[in-house]
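Participant: Please read through the structure below; I'll follow up with questions.
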Amino acid sequence: MAAGEPGDLDCYYFRFLPQKTFQSLSTRETTSRLRQWSMLGRIQAQAFGFDQKFQAYRKDDFVMAFFKDPNVIPNLKLLSDSSGQWITLGTEVKKIEAINVPCTQISMSFFNRLYDENIVRESGHIVKCLDSFCDPFLISDELRKVLLVEDSEKYEVFSQPDREEFLFCLFKHLCLGGALCQYEDVLNPYLETTKLIYKDLVSVRKNPQTKKIQITSSIFKVTAYDSVGMCYPSTKSHEQTFSYFIVDPIKRHVHVLYHCYGVGEMS
């Protein structure tokens, strides 16, 4: 039986869901913040549906099927390194990497320790420090230090498992921004925007037994390779160039959050 024929259990089929919009990325407030952080026009979310039960242990098959699907190929957007324009893949994916990203946090109180450790003042102002570089990022405050500088005294405020959480990753990406990022003086815009995008992408439900809210999404950080090398999310690797696949196994939706590091829209 050829792959993809009825009865072939290994094959997922996908469909593009252009009607699914992500309000968190398009509100006036978010747009103006993303512009300040040099991410506007370089970050985007897309939704796709799929047709079979999702099994997390088969994530590699799922992601490979995604990149080979005729409904994904003409619709999945990425930024061209050469032109800076949004394009579609246009190359055959030969290999993928899908790294599990834990997603268990359901409260922004996760970040309260920033106040407790005097990284952020009670007023919400981020404590400044002497300028240093952690290539390619300028570090001019205690927040960026705790995000980036492994041998800084407060780095341990967030454990390694904390740092792997999707909520932390999203927050860190927004704090570090694009190539001409203007940093905030106060914490709130980062927290608010993180919360909006997180809630927009991640699915939750109430556990019928315990009545507690639990996250149902599985999340993967995805890279794809063609015969030449890395082709997605970009041909160039950068800490701030990423694609996260947020899979809702109940609705059978996958949300793709994409960003490519560079100079965002100014005006």
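As shown in the structure tokens, the chain order sets the letters A, B, ...; within each chain, residues go from 1, and ligands are also counted from 1 in the order they appear.
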Can you tell me which residues surround Ile213 of chain A at a distance of at most 8 Å, considering only C-alpha atoms, apart from same-chain residues fewer than 3 positions away, and format the answer as number ranges by chain?
Facilitator: A: 106, 204-207
Participant: What would the file look like if the residues just selected were written as a compact mmCIF listing (two decimals), in the first residue's frame with N, CA and C atoms?
Facilitator:
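So the final result, stored in part_13.txt, reads:
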```
# COMPACT_ATOMS: atom_id res chain seq x y z
N ILE A 106 0.25 27.87 34.43
CA ILE A 106 -1.05 28.46 34.14
C ILE A 106 -1.23 29.80 34.85
N VAL A 204 -6.42 24.99 27.15
CA VAL A 204 -6.58 24.47 28.52
C VAL A 204 -7.96 23.84 28.67
N ARG A 205 -8.10 23.01 29.68
CA ARG A 205 -9.44 22.51 30.04
C ARG A 205 -9.46 22.26 31.54
N LYS A 206 -10.67 22.16 32.08
CA LYS A 206 -10.81 21.87 33.51
C LYS A 206 -10.84 20.36 33.68
N ASN A 207 -9.96 19.85 34.53
CA ASN A 207 -9.96 18.42 34.82
C ASN A 207 -11.27 18.05 35.51
```
Participant: Residues of segment 4-252 of chain A in strand (DSSP E) according to DSSP, as a PyMOL selection string?
Facilitator: chain A and resi 14-16+43-50+78-79+86-87+95-101+128-134+137-141+204-206+213-215+218-225+230-232+242-248
Participant: A:Leu143, A:Tyr198, A:Asp69, A:His259: which is nearest Phe22 of chain A, counting only C-alpha atoms?
Facilitator: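 Looking at the shortest contact to Phe22 of chain A, the residue is A:Tyr198.
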Participant: Choose the residue, out of A:Lys77, A:Lys195, A:Lys145, A:Lys211, that has the smallest atom-to-atom separation from Ser234 of chain A; count only C-alpha atoms.
Facilitator: A:Lys77
Participant: Within 7 Å of segment 125-127 of chain A, counting only C-alpha atoms, which residues qualify if same-chain residues fewer than 4 places away don't, as number ranges by chain?
Facilitator: A: 119-121, 141-143, 185-187
Participant: Save the residues we just selected, C-alpha atoms, as a tab-separated table (two decimals), in the first residue's frame?
Facilitator:
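And here is the file that came out, result-v6.tsv:
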```tsv
chain	number	residue	atom	x	y	z
A	119	ILE	CA	15.53	42.46	39.46
A	120	VAL	CA	12.41	44.59	39.16
A	121	ARG	CA	11.43	47.25	41.71
A	141	ASP	CA	19.59	45.88	33.09
A	142	GLU	CA	19.18	43.07	35.62
A	143	LEU	CA	16.35	41.46	33.62
A	185	ASP	CA	12.02	50.46	31.37
A	186	VAL	CA	9.17	48.66	33.12
A	187	LEU	CA	8.24	44.98	33.25
```
Participant: Residues at most 8 Å from Ala47 of chain A, counting only C-alpha atoms, excluding those fewer than 5 positions away in the same chain, as an MDAnalysis selection string?
Facilitator: chainID A and resid 16:18 20 253:256
Participant: Pick the closest to Arg33 of chain A from A:Ile219, A:Lys236, A:Phe245, A:Leu174: which is it, counting only C-alpha atoms?
Facilitator: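 Among the listed residues, A:Leu174 lies closest to Arg33 of chain A.
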Participant: Identify, on the basis of only C-alpha atoms, every residue whose closest approach to segment 225-227 of chain A does not exceed 7 Å; exclude the query and any residue fewer than 6 positions from it along the same chain; express the result as a ChimeraX atom specification.
Facilitator: /A:91-96
Participant: Hey, which of A:Ser24, A:Asn118, A:Gln52, A:Gln36 ends up closest to Ser267 of chain A? Count only C-alpha atoms.
Facilitator: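 Residue with the minimum atom-to-atom distance to Ser267 of chain A: A:Gln36.
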Participant: For a quick check of understanding, using only C-alpha atoms, which of A:Gly41, A:Pro208, A:Gly177, A:Pro189 has the smallest distance to Gln240 of chain A?
Facilitator: A:Gly177
Participant: Name the closest residue to Met108 of chain A among the candidates A:Cys181, A:Cys134, A:Leu191, A:Ile43; distances are taken between atoms, counting only C-alpha atoms.
Facilitator: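 Result for the nearest residue to Met108 of chain A: A:Leu191.
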Participant: What is the atom CA of Lys221 of chain A-atom CA of Asn100 of chain A distance in Å, reported with one decimal?
Facilitator: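 Atom CA of Asn100 of chain A lies at a distance of 6.7 Å from atom CA of Lys221 of chain A.
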Participant: Taking 6 positions as the minimum chain separation for residues in the same chain, which residues sit within 10 Å of Lys251 of chain A when counting only C-alpha atoms? Answer as a ChimeraX atom specification.
Facilitator: /A:49-51,53,203,217
Participant: Which residues are near Asp131 of chain A? Cut-off 9 Å, only C-alpha atoms, ignore same chain within fewer than 6 positions. Put them as JSON, numbers by chain.
Facilitator: {"A": [138, 139, 140, 141]}
Participant: To one decimal place in Å, what is the distance between atom CA of Arg163 of chain A and atom CA of Leu147 of chain A?
Facilitator: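 A separation of 8.8 Å between them.
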Participant: Rounded to one decimal in Å, what is the spacing between atom CA of Asp162 of chain A and atom CA of Phe110 of chain A?
Facilitator: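 That distance, rounded to one decimal, is 8.9 Å.
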Participant: Using DSSP assignments from the backbone, pull out every residue in segment 124-163 of chain A that falls under helix (DSSP H, G or I) and give it to me as a PyMOL selection string.
Facilitator: chain A and resi 142-148+155-157+160-163
